[in-house]
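> structure.csv is reproduced in full below (CSV, N, CA and C atoms).
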```
chain,number,residue,atom,x,y,z
A,1,MET,N,226.5,-97.9,-90.2
A,1,MET,CA,225.9,-99.2,-90.5
A,1,MET,C,225.6,-100.0,-89.3
A,2,ALA,N,224.4,-100.6,-89.3
A,2,ALA,CA,224.0,-101.4,-88.1
A,2,ALA,C,224.1,-102.9,-88.5
A,3,PHE,N,224.4,-103.7,-87.6
A,3,PHE,CA,224.4,-105.1,-87.8
A,3,PHE,C,223.9,-105.8,-86.5
A,4,TRP,N,223.3,-107.0,-86.7
A,4,TRP,CA,222.9,-107.7,-85.5
A,4,TRP,C,222.9,-109.2,-85.9
A,5,PHE,N,223.0,-110.0,-84.9
A,5,PHE,CA,223.1,-111.5,-85.1
A,5,PHE,C,221.8,-112.2,-84.6
A,6,GLU,N,221.5,-113.2,-85.4
A,6,GLU,CA,220.4,-114.1,-85.0
A,6,GLU,C,220.9,-115.6,-85.1
A,7,PHE,N,220.2,-116.5,-84.5
A,7,PHE,CA,220.6,-117.9,-84.5
A,7,PHE,C,219.5,-118.8,-84.6
A,8,ASP,N,219.6,-119.8,-85.4
A,8,ASP,CA,218.6,-120.9,-85.6
A,8,ASP,C,219.2,-122.1,-84.8
A,9,PRO,N,218.7,-122.3,-83.5
A,9,PRO,CA,219.3,-123.4,-82.7
A,9,PRO,C,219.1,-124.8,-83.2
A,10,ALA,N,218.0,-125.0,-83.9
A,10,ALA,CA,217.7,-126.4,-84.5
A,10,ALA,C,218.7,-126.8,-85.5
A,11,ASN,N,219.1,-125.8,-86.4
A,11,ASN,CA,220.0,-126.1,-87.5
A,11,ASN,C,221.4,-125.6,-87.3
A,12,LYS,N,221.6,-124.9,-86.1
A,12,LYS,CA,222.9,-124.3,-85.8
A,12,LYS,C,223.4,-123.4,-86.8
A,13,ILE,N,222.6,-122.5,-87.3
A,13,ILE,CA,223.0,-121.5,-88.3
A,13,ILE,C,223.1,-120.1,-87.7
A,14,LEU,N,224.2,-119.4,-87.8
A,14,LEU,CA,224.4,-118.1,-87.3
A,14,LEU,C,224.0,-117.1,-88.5
A,15,LEU,N,223.2,-116.2,-88.3
A,15,LEU,CA,222.8,-115.2,-89.3
A,15,LEU,C,223.2,-113.8,-88.8
A,16,ALA,N,223.8,-113.1,-89.7
A,16,ALA,CA,224.1,-111.7,-89.4
A,16,ALA,C,223.4,-110.8,-90.4
A,17,ARG,N,222.7,-109.8,-90.0
A,17,ARG,CA,221.9,-108.9,-90.9
A,17,ARG,C,222.6,-107.6,-90.8
A,18,PHE,N,222.7,-106.9,-92.0
A,18,PHE,CA,223.4,-105.6,-92.1
A,18,PHE,C,222.4,-104.6,-92.6
A,19,GLU,N,222.5,-103.4,-92.2
A,19,GLU,CA,221.6,-102.3,-92.7
A,19,GLU,C,222.3,-101.0,-92.8
A,20,GLY,N,222.1,-100.3,-93.9
A,20,GLY,CA,222.8,-99.0,-94.0
A,20,GLY,C,224.0,-99.1,-94.9
A,21,GLN,N,224.9,-98.2,-94.6
A,21,GLN,CA,226.2,-98.1,-95.4
A,21,GLN,C,227.2,-99.1,-94.9
A,22,LEU,N,227.8,-99.9,-95.8
A,22,LEU,CA,228.9,-100.7,-95.5
A,22,LEU,C,230.2,-100.0,-95.8
A,23,THR,N,231.0,-99.8,-94.7
A,23,THR,CA,232.3,-99.1,-94.9
A,23,THR,C,233.4,-100.0,-94.4
A,24,ASN,N,234.6,-99.6,-94.6
A,24,ASN,CA,235.8,-100.3,-94.1
A,24,ASN,C,235.6,-100.5,-92.6
A,25,GLU,N,235.3,-99.4,-91.9
A,25,GLU,CA,235.2,-99.5,-90.4
A,25,GLU,C,234.1,-100.4,-89.9
A,26,SER,N,232.9,-100.4,-90.6
A,26,SER,CA,231.8,-101.2,-90.1
A,26,SER,C,232.1,-102.7,-90.5
A,27,ALA,N,232.8,-102.9,-91.6
A,27,ALA,CA,233.1,-104.3,-91.9
A,27,ALA,C,234.2,-104.9,-90.9
A,28,ALA,N,235.1,-104.1,-90.5
A,28,ALA,CA,236.1,-104.5,-89.5
A,28,ALA,C,235.5,-104.7,-88.2
A,29,GLU,N,234.5,-103.8,-87.8
A,29,GLU,CA,233.8,-104.0,-86.5
A,29,GLU,C,233.0,-105.3,-86.5
A,30,TYR,N,232.3,-105.6,-87.6
A,30,TYR,CA,231.5,-106.8,-87.8
A,30,TYR,C,232.5,-108.0,-87.7
A,31,HIS,N,233.6,-108.0,-88.4
A,31,HIS,CA,234.5,-109.1,-88.4
A,31,HIS,C,235.0,-109.4,-87.0
A,32,ASP,N,235.3,-108.4,-86.2
A,32,ASP,CA,235.7,-108.6,-84.8
A,32,ASP,C,234.6,-109.2,-84.0
A,33,ALA,N,233.3,-108.8,-84.2
A,33,ALA,CA,232.2,-109.3,-83.4
A,33,ALA,C,231.9,-110.7,-83.8
A,34,LEU,N,232.1,-111.1,-85.0
A,34,LEU,CA,231.8,-112.4,-85.5
A,34,LEU,C,232.3,-113.6,-84.6
A,35,GLY,N,233.6,-113.5,-84.3
A,35,GLY,CA,234.2,-114.5,-83.5
A,35,GLY,C,233.5,-114.8,-82.2
A,36,LYS,N,233.1,-113.8,-81.5
A,36,LYS,CA,232.3,-113.9,-80.3
A,36,LYS,C,231.1,-114.7,-80.5
A,37,TYR,N,230.3,-114.3,-81.4
A,37,TYR,CA,229.0,-115.0,-81.7
A,37,TYR,C,229.2,-116.4,-82.2
A,38,TRP,N,230.2,-116.6,-83.0
A,38,TRP,CA,230.5,-118.0,-83.6
A,38,TRP,C,230.8,-118.9,-82.4
A,39,ARG,N,231.7,-118.5,-81.5
A,39,ARG,CA,232.1,-119.3,-80.4
A,39,ARG,C,230.9,-119.5,-79.4
A,40,THR,N,230.1,-118.5,-79.2
A,40,THR,CA,229.0,-118.6,-78.2
A,40,THR,C,228.0,-119.6,-78.7
A,41,THR,N,227.7,-119.6,-80.0
A,41,THR,CA,226.6,-120.5,-80.6
A,41,THR,C,227.1,-121.8,-81.0
A,42,ASN,N,228.4,-122.0,-81.3
A,42,ASN,CA,229.0,-123.2,-81.8
A,42,ASN,C,228.3,-123.5,-83.2
A,43,ALA,N,228.1,-122.5,-84.0
A,43,ALA,CA,227.3,-122.7,-85.3
A,43,ALA,C,228.0,-123.7,-86.2
A,44,ARG,N,227.2,-124.3,-87.0
A,44,ARG,CA,227.8,-125.2,-88.0
A,44,ARG,C,227.8,-124.5,-89.4
A,45,ALA,N,227.1,-123.4,-89.5
A,45,ALA,CA,227.1,-122.6,-90.8
A,45,ALA,C,226.8,-121.2,-90.5
A,46,GLY,N,227.1,-120.3,-91.4
A,46,GLY,CA,226.8,-118.9,-91.2
A,46,GLY,C,226.3,-118.2,-92.5
A,47,ILE,N,225.4,-117.3,-92.3
A,47,ILE,CA,224.8,-116.5,-93.4
A,47,ILE,C,225.0,-115.0,-93.0
A,48,TRP,N,225.6,-114.3,-93.9
A,48,TRP,CA,225.8,-112.8,-93.7
A,48,TRP,C,224.9,-112.1,-94.7
A,49,ASP,N,223.8,-111.6,-94.3
A,49,ASP,CA,222.8,-111.0,-95.1
A,49,ASP,C,223.0,-109.5,-95.4
A,50,LEU,N,223.4,-109.1,-96.6
A,50,LEU,CA,223.6,-107.7,-96.9
A,50,LEU,C,222.5,-107.2,-97.7
A,51,SER,N,221.3,-107.8,-97.7
A,51,SER,CA,220.2,-107.3,-98.5
A,51,SER,C,219.7,-105.9,-98.2
A,52,ALA,N,219.9,-105.4,-96.9
A,52,ALA,CA,219.5,-104.1,-96.5
A,52,ALA,C,220.6,-103.1,-96.6
A,53,VAL,N,221.7,-103.4,-97.2
A,53,VAL,CA,222.8,-102.5,-97.3
A,53,VAL,C,222.5,-101.5,-98.4
A,54,SER,N,222.5,-100.2,-98.0
A,54,SER,CA,222.1,-99.1,-99.0
A,54,SER,C,223.2,-98.6,-99.8
A,55,ASP,N,224.5,-98.8,-99.3
A,55,ASP,CA,225.6,-98.2,-100.0
A,55,ASP,C,226.9,-99.1,-99.7
A,56,PHE,N,227.5,-99.6,-100.7
A,56,PHE,CA,228.7,-100.4,-100.5
A,56,PHE,C,229.9,-99.4,-100.7
A,57,ALA,N,230.3,-98.7,-99.6
A,57,ALA,CA,231.3,-97.8,-99.5
A,57,ALA,C,232.6,-98.4,-99.0
A,58,VAL,N,232.8,-99.6,-99.2
A,58,VAL,CA,234.0,-100.3,-98.7
A,58,VAL,C,235.0,-100.4,-99.8
A,59,GLY,N,236.3,-100.2,-99.5
A,59,GLY,CA,237.3,-100.2,-100.5
A,59,GLY,C,237.7,-101.6,-101.0
A,60,SER,N,238.0,-101.8,-102.2
A,60,SER,CA,238.4,-103.1,-102.7
A,60,SER,C,239.7,-103.6,-102.2
A,61,ASP,N,240.7,-102.6,-101.9
A,61,ASP,CA,241.9,-103.0,-101.3
A,61,ASP,C,241.7,-103.5,-99.9
A,62,PHE,N,240.8,-102.8,-99.1
A,62,PHE,CA,240.5,-103.2,-97.8
A,62,PHE,C,239.9,-104.6,-97.8
A,63,LEU,N,239.0,-104.9,-98.7
A,63,LEU,CA,238.3,-106.2,-98.8
A,63,LEU,C,239.4,-107.3,-99.1
A,64,ARG,N,240.3,-107.0,-100.0
A,64,ARG,CA,241.3,-108.0,-100.3
A,64,ARG,C,242.2,-108.3,-99.1
A,65,THR,N,242.5,-107.3,-98.4
A,65,THR,CA,243.3,-107.5,-97.2
A,65,THR,C,242.6,-108.3,-96.1
A,66,LEU,N,241.3,-107.9,-95.9
A,66,LEU,CA,240.4,-108.7,-95.0
A,66,LEU,C,240.3,-110.1,-95.4
A,67,ALA,N,240.1,-110.3,-96.7
A,67,ALA,CA,239.9,-111.7,-97.2
A,67,ALA,C,241.1,-112.6,-97.0
A,68,ALA,N,242.3,-112.0,-97.0
A,68,ALA,CA,243.6,-112.7,-96.9
A,68,ALA,C,243.8,-113.1,-95.4
A,69,ARG,N,243.2,-112.4,-94.5
A,69,ARG,CA,243.4,-112.7,-93.0
A,69,ARG,C,242.8,-114.0,-92.7
A,70,LYS,N,243.4,-114.7,-91.8
A,70,LYS,CA,242.9,-116.0,-91.4
A,70,LYS,C,241.6,-115.7,-90.5
A,71,PRO,N,240.6,-116.6,-90.6
A,71,PRO,CA,239.5,-116.4,-89.7
A,71,PRO,C,239.9,-116.3,-88.3
A,72,ILE,N,239.1,-115.5,-87.5
A,72,ILE,CA,239.5,-115.2,-86.1
A,72,ILE,C,239.1,-116.4,-85.2
A,73,THR,N,238.3,-117.3,-85.6
A,73,THR,CA,238.0,-118.5,-84.8
A,73,THR,C,238.5,-119.7,-85.5
A,74,PRO,N,239.3,-120.5,-84.7
A,74,PRO,CA,239.9,-121.8,-85.3
A,74,PRO,C,238.8,-122.7,-85.7
A,75,GLY,N,239.0,-123.4,-86.8
A,75,GLY,CA,238.0,-124.4,-87.3
A,75,GLY,C,236.9,-123.8,-88.2
A,76,LEU,N,236.9,-122.4,-88.2
A,76,LEU,CA,235.8,-121.7,-89.0
A,76,LEU,C,235.9,-122.1,-90.5
A,77,THR,N,237.1,-122.4,-91.0
A,77,THR,CA,237.2,-122.7,-92.4
A,77,THR,C,236.5,-124.0,-92.8
A,78,ASP,N,236.2,-124.9,-91.8
A,78,ASP,CA,235.5,-126.1,-92.0
A,78,ASP,C,234.0,-126.0,-92.1
A,79,HIS,N,233.5,-124.8,-91.9
A,79,HIS,CA,232.0,-124.6,-91.9
A,79,HIS,C,231.6,-123.8,-93.1
A,80,PRO,N,230.5,-124.1,-93.8
A,80,PRO,CA,230.0,-123.3,-94.9
A,80,PRO,C,229.5,-122.0,-94.4
A,81,ARG,N,229.8,-120.9,-95.2
A,81,ARG,CA,229.3,-119.6,-94.9
A,81,ARG,C,228.8,-119.0,-96.2
A,82,PHE,N,227.8,-118.1,-96.1
A,82,PHE,CA,227.2,-117.5,-97.3
A,82,PHE,C,227.1,-116.1,-97.1
A,83,ILE,N,227.4,-115.3,-98.1
A,83,ILE,CA,227.2,-113.9,-98.1
A,83,ILE,C,226.0,-113.6,-99.1
A,84,VAL,N,224.9,-113.0,-98.6
A,84,VAL,CA,223.7,-112.8,-99.4
A,84,VAL,C,223.8,-111.3,-99.9
A,85,VAL,N,223.8,-111.2,-101.2
A,85,VAL,CA,223.9,-109.8,-101.8
A,85,VAL,C,223.0,-109.8,-103.1
A,86,PRO,N,221.8,-109.3,-103.0
A,86,PRO,CA,221.0,-109.2,-104.2
A,86,PRO,C,221.4,-108.0,-105.1
A,87,ALA,N,222.0,-106.9,-104.6
A,87,ALA,CA,222.4,-105.8,-105.4
A,87,ALA,C,223.6,-106.1,-106.3
A,88,THR,N,223.6,-105.7,-107.5
A,88,THR,CA,224.7,-106.1,-108.5
A,88,THR,C,226.0,-105.5,-108.0
A,89,ALA,N,226.1,-104.3,-107.6
A,89,ALA,CA,227.4,-103.7,-107.3
A,89,ALA,C,228.0,-104.4,-106.1
A,90,GLY,N,227.2,-104.6,-105.1
A,90,GLY,CA,227.6,-105.3,-103.9
A,90,GLY,C,228.0,-106.8,-104.2
A,91,TYR,N,227.3,-107.4,-105.1
A,91,TYR,CA,227.5,-108.8,-105.4
A,91,TYR,C,228.9,-108.9,-106.0
A,92,GLY,N,229.3,-108.0,-106.9
A,92,GLY,CA,230.6,-108.0,-107.5
A,92,GLY,C,231.7,-107.8,-106.4
A,93,LEU,N,231.5,-106.9,-105.5
A,93,LEU,CA,232.5,-106.7,-104.4
A,93,LEU,C,232.7,-108.0,-103.6
A,94,MET,N,231.6,-108.6,-103.2
A,94,MET,CA,231.6,-109.8,-102.4
A,94,MET,C,232.2,-111.0,-103.1
A,95,ARG,N,232.0,-111.0,-104.4
A,95,ARG,CA,232.6,-112.1,-105.2
A,95,ARG,C,234.1,-111.9,-105.2
A,96,MET,N,234.6,-110.7,-105.3
A,96,MET,CA,236.0,-110.4,-105.3
A,96,MET,C,236.5,-110.8,-103.9
A,97,PHE,N,235.8,-110.5,-102.8
A,97,PHE,CA,236.2,-111.0,-101.5
A,97,PHE,C,236.3,-112.5,-101.4
A,98,GLN,N,235.3,-113.2,-102.0
A,98,GLN,CA,235.3,-114.6,-102.0
A,98,GLN,C,236.5,-115.2,-102.7
A,99,ILE,N,236.8,-114.7,-103.9
A,99,ILE,CA,237.9,-115.2,-104.7
A,99,ILE,C,239.2,-114.9,-104.0
A,100,ALA,N,239.4,-113.7,-103.5
A,100,ALA,CA,240.6,-113.3,-102.8
A,100,ALA,C,240.9,-114.1,-101.5
A,101,GLY,N,239.8,-114.5,-100.9
A,101,GLY,CA,239.9,-115.3,-99.6
A,101,GLY,C,239.8,-116.8,-99.8
A,102,GLU,N,239.7,-117.3,-101.0
A,102,GLU,CA,239.5,-118.7,-101.2
A,102,GLU,C,240.5,-119.6,-100.5
A,103,PRO,N,241.8,-119.2,-100.4
A,103,PRO,CA,242.8,-120.1,-99.7
A,103,PRO,C,242.5,-120.2,-98.2
A,104,VAL,N,241.9,-119.2,-97.6
A,104,VAL,CA,241.6,-119.3,-96.1
A,104,VAL,C,240.1,-119.5,-95.8
A,105,ARG,N,239.3,-119.3,-96.8
A,105,ARG,CA,237.8,-119.5,-96.7
A,105,ARG,C,237.3,-120.3,-97.8
A,106,PRO,N,237.7,-121.6,-97.9
A,106,PRO,CA,237.2,-122.4,-99.1
A,106,PRO,C,235.7,-122.7,-99.1
A,107,LEU,N,235.0,-122.5,-98.0
A,107,LEU,CA,233.6,-122.9,-98.0
A,107,LEU,C,232.7,-121.6,-98.0
A,108,LEU,N,233.3,-120.5,-98.4
A,108,LEU,CA,232.5,-119.2,-98.5
A,108,LEU,C,231.9,-119.1,-99.9
A,109,HIS,N,230.6,-118.8,-99.9
A,109,HIS,CA,229.8,-118.6,-101.2
A,109,HIS,C,229.1,-117.3,-101.2
A,110,VAL,N,228.9,-116.7,-102.3
A,110,VAL,CA,228.1,-115.5,-102.5
A,110,VAL,C,226.9,-115.9,-103.2
A,111,VAL,N,225.7,-115.5,-102.7
A,111,VAL,CA,224.4,-115.9,-103.2
A,111,VAL,C,223.5,-114.7,-103.3
A,112,ARG,N,222.4,-114.8,-103.9
A,112,ARG,CA,221.5,-113.7,-104.1
A,112,ARG,C,220.4,-113.6,-103.0
A,113,SER,N,220.1,-114.7,-102.2
A,113,SER,CA,219.0,-114.7,-101.3
A,113,SER,C,219.3,-115.6,-100.1
A,114,VAL,N,218.7,-115.3,-99.0
A,114,VAL,CA,218.8,-116.2,-97.8
A,114,VAL,C,218.2,-117.6,-98.2
A,115,ASP,N,217.2,-117.6,-98.9
A,115,ASP,CA,216.6,-118.9,-99.3
A,115,ASP,C,217.6,-119.7,-100.1
A,116,GLU,N,218.3,-119.1,-101.0
A,116,GLU,CA,219.3,-119.8,-101.8
A,116,GLU,C,220.4,-120.4,-100.8
A,117,ALA,N,220.8,-119.7,-99.8
A,117,ALA,CA,221.8,-120.2,-98.9
A,117,ALA,C,221.2,-121.3,-98.1
A,118,LEU,N,220.0,-121.2,-97.6
A,118,LEU,CA,219.4,-122.3,-96.9
A,118,LEU,C,219.2,-123.6,-97.7
A,119,ALA,N,218.9,-123.4,-99.0
A,119,ALA,CA,218.8,-124.5,-99.9
A,119,ALA,C,220.1,-125.2,-100.1
A,120,ALA,N,221.2,-124.5,-100.2
A,120,ALA,CA,222.5,-125.0,-100.3
A,120,ALA,C,222.9,-125.8,-99.1
A,121,LEU,N,222.4,-125.4,-97.9
A,121,LEU,CA,222.7,-126.1,-96.7
A,121,LEU,C,221.7,-127.3,-96.5
A,122,GLY,N,220.7,-127.4,-97.3
A,122,GLY,CA,219.8,-128.5,-97.2
A,122,GLY,C,218.8,-128.3,-96.1
A,123,VAL,N,218.5,-127.0,-95.8
A,123,VAL,CA,217.6,-126.6,-94.7
A,123,VAL,C,216.3,-126.0,-95.4
A,124,PRO,N,215.2,-126.8,-95.3
A,124,PRO,CA,213.9,-126.3,-95.9
A,124,PRO,C,213.4,-125.0,-95.3
A,125,SER,N,213.5,-124.9,-94.0
A,125,SER,CA,213.1,-123.6,-93.3
A,125,SER,C,213.9,-123.5,-92.0
A,126,ALA,N,214.1,-122.2,-91.7
A,126,ALA,CA,214.9,-121.9,-90.5
A,126,ALA,C,214.1,-121.0,-89.6
A,127,HIS,N,214.4,-121.0,-88.3
A,127,HIS,CA,213.7,-120.2,-87.3
A,127,HIS,C,214.8,-119.4,-86.5
A,128,PHE,N,215.1,-118.2,-87.0
A,128,PHE,CA,216.1,-117.4,-86.4
A,128,PHE,C,215.6,-116.6,-85.2
A,129,GLU,N,216.4,-116.7,-84.1
A,129,GLU,CA,216.1,-115.9,-82.9
A,129,GLU,C,217.2,-114.9,-82.7
A,130,PRO,N,216.8,-113.7,-82.2
A,130,PRO,CA,217.8,-112.6,-82.0
A,130,PRO,C,218.8,-113.0,-80.9
A,131,LEU,N,220.0,-112.6,-81.1
A,131,LEU,CA,221.1,-112.8,-80.0
A,131,LEU,C,221.4,-111.4,-79.5
A,132,GLU,N,221.8,-111.4,-78.2
A,132,GLU,CA,222.1,-110.1,-77.6
A,132,GLU,C,223.5,-109.7,-78.0
```
Will you turn the file into structure tokens for me?


Amino acid sequence: MAFWFEFDPANKILLARFEGQLTNESAAEYHDALGKYWRTTNARAGIWDLSAVSDFAVGSDFLRTLAARKPITPGLTDHPRFIVVPATAGYGLMRMFQIAGEPVRPLLHVVRSVDEALAALGVPSAHFEPLE
């Protein structure tokens, strides 16, 4: 699985895009990288786009354990985050992650499109730039 980060500096939104197979290992790797990019950009919101994920090979037990972990960056729970999942199977898994993590991630939402996430943030358009 490949993932990369982009940032909209005007609206301070961090965007992570995923491609390929989502596994326990790639989800853990992404989770560890997230803190670095969140701190670097000082984002006010995050969008994790799983639209290009071809296979959700992540275990439900692993997702529940990950959901129960406290965010790796202090103050992250105060910022809205969105997981974008148009595929039905992936949507169900991410909703389970959302529900299991609600005590530590109260502002996490699962939506079907990036546009839906931007609308919820009150952002009519965003201009994302790649991050290294």

> Can you pull out every residue within 9 Å of Val104 (chain A), counting only C-alpha atoms, but drop anything in the same chain fewer than 4 positions away, and send it as number ranges by chain?

A: 67-71, 77

> Can you tell me how far CA of Gly122 (chain A) sits from CA of Ala45 (chain A), in Å to one decimal?

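Answer for the CA of Gly122 (chain A) to CA of Ala45 (chain A) separation: 11.4 Å.
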
> Neighbouring residues of Phe5 (chain A) were defined as those with any atom within 6 Å, considering only N, CA and C atoms; residues of the same chain fewer than 6 positions away were excluded. Please report them as a CSV table (one decimal) with N, CA and C atoms, keeping the file's coordinate frame.


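The result, written out as part.csv:
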```
chain,number,residue,atom,x,y,z
A,15,LEU,N,223.2,-116.2,-88.3
A,15,LEU,CA,222.8,-115.2,-89.3
A,15,LEU,C,223.2,-113.8,-88.8
A,16,ALA,N,223.8,-113.1,-89.7
A,16,ALA,CA,224.1,-111.7,-89.4
A,16,ALA,C,223.4,-110.8,-90.4
A,17,ARG,N,222.7,-109.8,-90.0
A,17,ARG,CA,221.9,-108.9,-90.9
A,17,ARG,C,222.6,-107.6,-90.8
A,129,GLU,N,216.4,-116.7,-84.1
A,129,GLU,CA,216.1,-115.9,-82.9
A,129,GLU,C,217.2,-114.9,-82.7
A,130,PRO,N,216.8,-113.7,-82.2
A,130,PRO,CA,217.8,-112.6,-82.0
A,130,PRO,C,218.8,-113.0,-80.9
A,131,LEU,N,220.0,-112.6,-81.1
A,131,LEU,CA,221.1,-112.8,-80.0
A,131,LEU,C,221.4,-111.4,-79.5
```

> Which residues, written as a PyMOL selection string, have at least one atom at most 12 Å from region 7-11 of chain A, with only C-alpha atoms counted and residues fewer than 5 positions away on the same chain left out?

chain A and resi 16-17+37-38+40-48+118+121-132

> Save the residues we just selected, N, CA and C atoms, as a short mmCIF file (atom, residue, chain, number, x, y, z; two decimals), in the frame of the given file?


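selection26.cif, written as the output of this step:
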```cif
data_model
loop_
_atom_site.label_atom_id
_atom_site.label_comp_id
_atom_site.auth_asym_id
_atom_site.auth_seq_id
_atom_site.Cartn_x
_atom_site.Cartn_y
_atom_site.Cartn_z
N ALA A 16 223.80 -113.10 -89.70
CA ALA A 16 224.10 -111.70 -89.40
C ALA A 16 223.40 -110.80 -90.40
N ARG A 17 222.70 -109.80 -90.00
CA ARG A 17 221.90 -108.90 -90.90
C ARG A 17 222.60 -107.60 -90.80
N TYR A 37 230.30 -114.30 -81.40
CA TYR A 37 229.00 -115.00 -81.70
C TYR A 37 229.20 -116.40 -82.20
N TRP A 38 230.20 -116.60 -83.00
CA TRP A 38 230.50 -118.00 -83.60
C TRP A 38 230.80 -118.90 -82.40
N THR A 40 230.10 -118.50 -79.20
CA THR A 40 229.00 -118.60 -78.20
C THR A 40 228.00 -119.60 -78.70
N THR A 41 227.70 -119.60 -80.00
CA THR A 41 226.60 -120.50 -80.60
C THR A 41 227.10 -121.80 -81.00
N ASN A 42 228.40 -122.00 -81.30
CA ASN A 42 229.00 -123.20 -81.80
C ASN A 42 228.30 -123.50 -83.20
N ALA A 43 228.10 -122.50 -84.00
CA ALA A 43 227.30 -122.70 -85.30
C ALA A 43 228.00 -123.70 -86.20
N ARG A 44 227.20 -124.30 -87.00
CA ARG A 44 227.80 -125.20 -88.00
C ARG A 44 227.80 -124.50 -89.40
N ALA A 45 227.10 -123.40 -89.50
CA ALA A 45 227.10 -122.60 -90.80
C ALA A 45 226.80 -121.20 -90.50
N GLY A 46 227.10 -120.30 -91.40
CA GLY A 46 226.80 -118.90 -91.20
C GLY A 46 226.30 -118.20 -92.50
N ILE A 47 225.40 -117.30 -92.30
CA ILE A 47 224.80 -116.50 -93.40
C ILE A 47 225.00 -115.00 -93.00
N TRP A 48 225.60 -114.30 -93.90
CA TRP A 48 225.80 -112.80 -93.70
C TRP A 48 224.90 -112.10 -94.70
N LEU A 118 220.00 -121.20 -97.60
CA LEU A 118 219.40 -122.30 -96.90
C LEU A 118 219.20 -123.60 -97.70
N LEU A 121 222.40 -125.40 -97.90
CA LEU A 121 222.70 -126.10 -96.70
C LEU A 121 221.70 -127.30 -96.50
N GLY A 122 220.70 -127.40 -97.30
CA GLY A 122 219.80 -128.50 -97.20
C GLY A 122 218.80 -128.30 -96.10
N VAL A 123 218.50 -127.00 -95.80
CA VAL A 123 217.60 -126.60 -94.70
C VAL A 123 216.30 -126.00 -95.40
N PRO A 124 215.20 -126.80 -95.30
CA PRO A 124 213.90 -126.30 -95.90
C PRO A 124 213.40 -125.00 -95.30
N SER A 125 213.50 -124.90 -94.00
CA SER A 125 213.10 -123.60 -93.30
C SER A 125 213.90 -123.50 -92.00
N ALA A 126 214.10 -122.20 -91.70
CA ALA A 126 214.90 -121.90 -90.50
C ALA A 126 214.10 -121.00 -89.60
N HIS A 127 214.40 -121.00 -88.30
CA HIS A 127 213.70 -120.20 -87.30
C HIS A 127 214.80 -119.40 -86.50
N PHE A 128 215.10 -118.20 -87.00
CA PHE A 128 216.10 -117.40 -86.40
C PHE A 128 215.60 -116.60 -85.20
N GLU A 129 216.40 -116.70 -84.10
CA GLU A 129 216.10 -115.90 -82.90
C GLU A 129 217.20 -114.90 -82.70
N PRO A 130 216.80 -113.70 -82.20
CA PRO A 130 217.80 -112.60 -82.00
C PRO A 130 218.80 -113.00 -80.90
N LEU A 131 220.00 -112.60 -81.10
CA LEU A 131 221.10 -112.80 -80.00
C LEU A 131 221.40 -111.40 -79.50
N GLU A 132 221.80 -111.40 -78.20
CA GLU A 132 222.10 -110.10 -77.60
C GLU A 132 223.50 -109.70 -78.00
#
```

> Apply DSSP to the backbone of this structure and, from chain A, keep only the residues in strand (DSSP E); write these as a ChimeraX atom specification.

/A:2-8,13-23,45-57,81-84,108-111,129-130

> Quick one: DSSP helix (DSSP H, G or I) residues in region 7-74 of chain A, as a ChimeraX atom specification?

/A:24-41,60-68

> Could you tell me how far atom N of Val110 (chain A) lies from CA of Leu34 (chain A), in Å and to one decimal?

17.6 Å

> Suppose you want the space between CA of Ser54 (chain A) and CA of Glu25 (chain A); what is it in Å?

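According to the coordinates, CA of Ser54 (chain A) and CA of Glu25 (chain A) are separated by 15.7 Å.
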
> Find the residue from A:Phe97, A:Phe3, A:Lys36, A:Leu108 that sits nearest to Asp78 (chain A); use only C-alpha atoms when measuring.

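With only C-alpha atoms as the atom set, the closest residue is A:Leu108.
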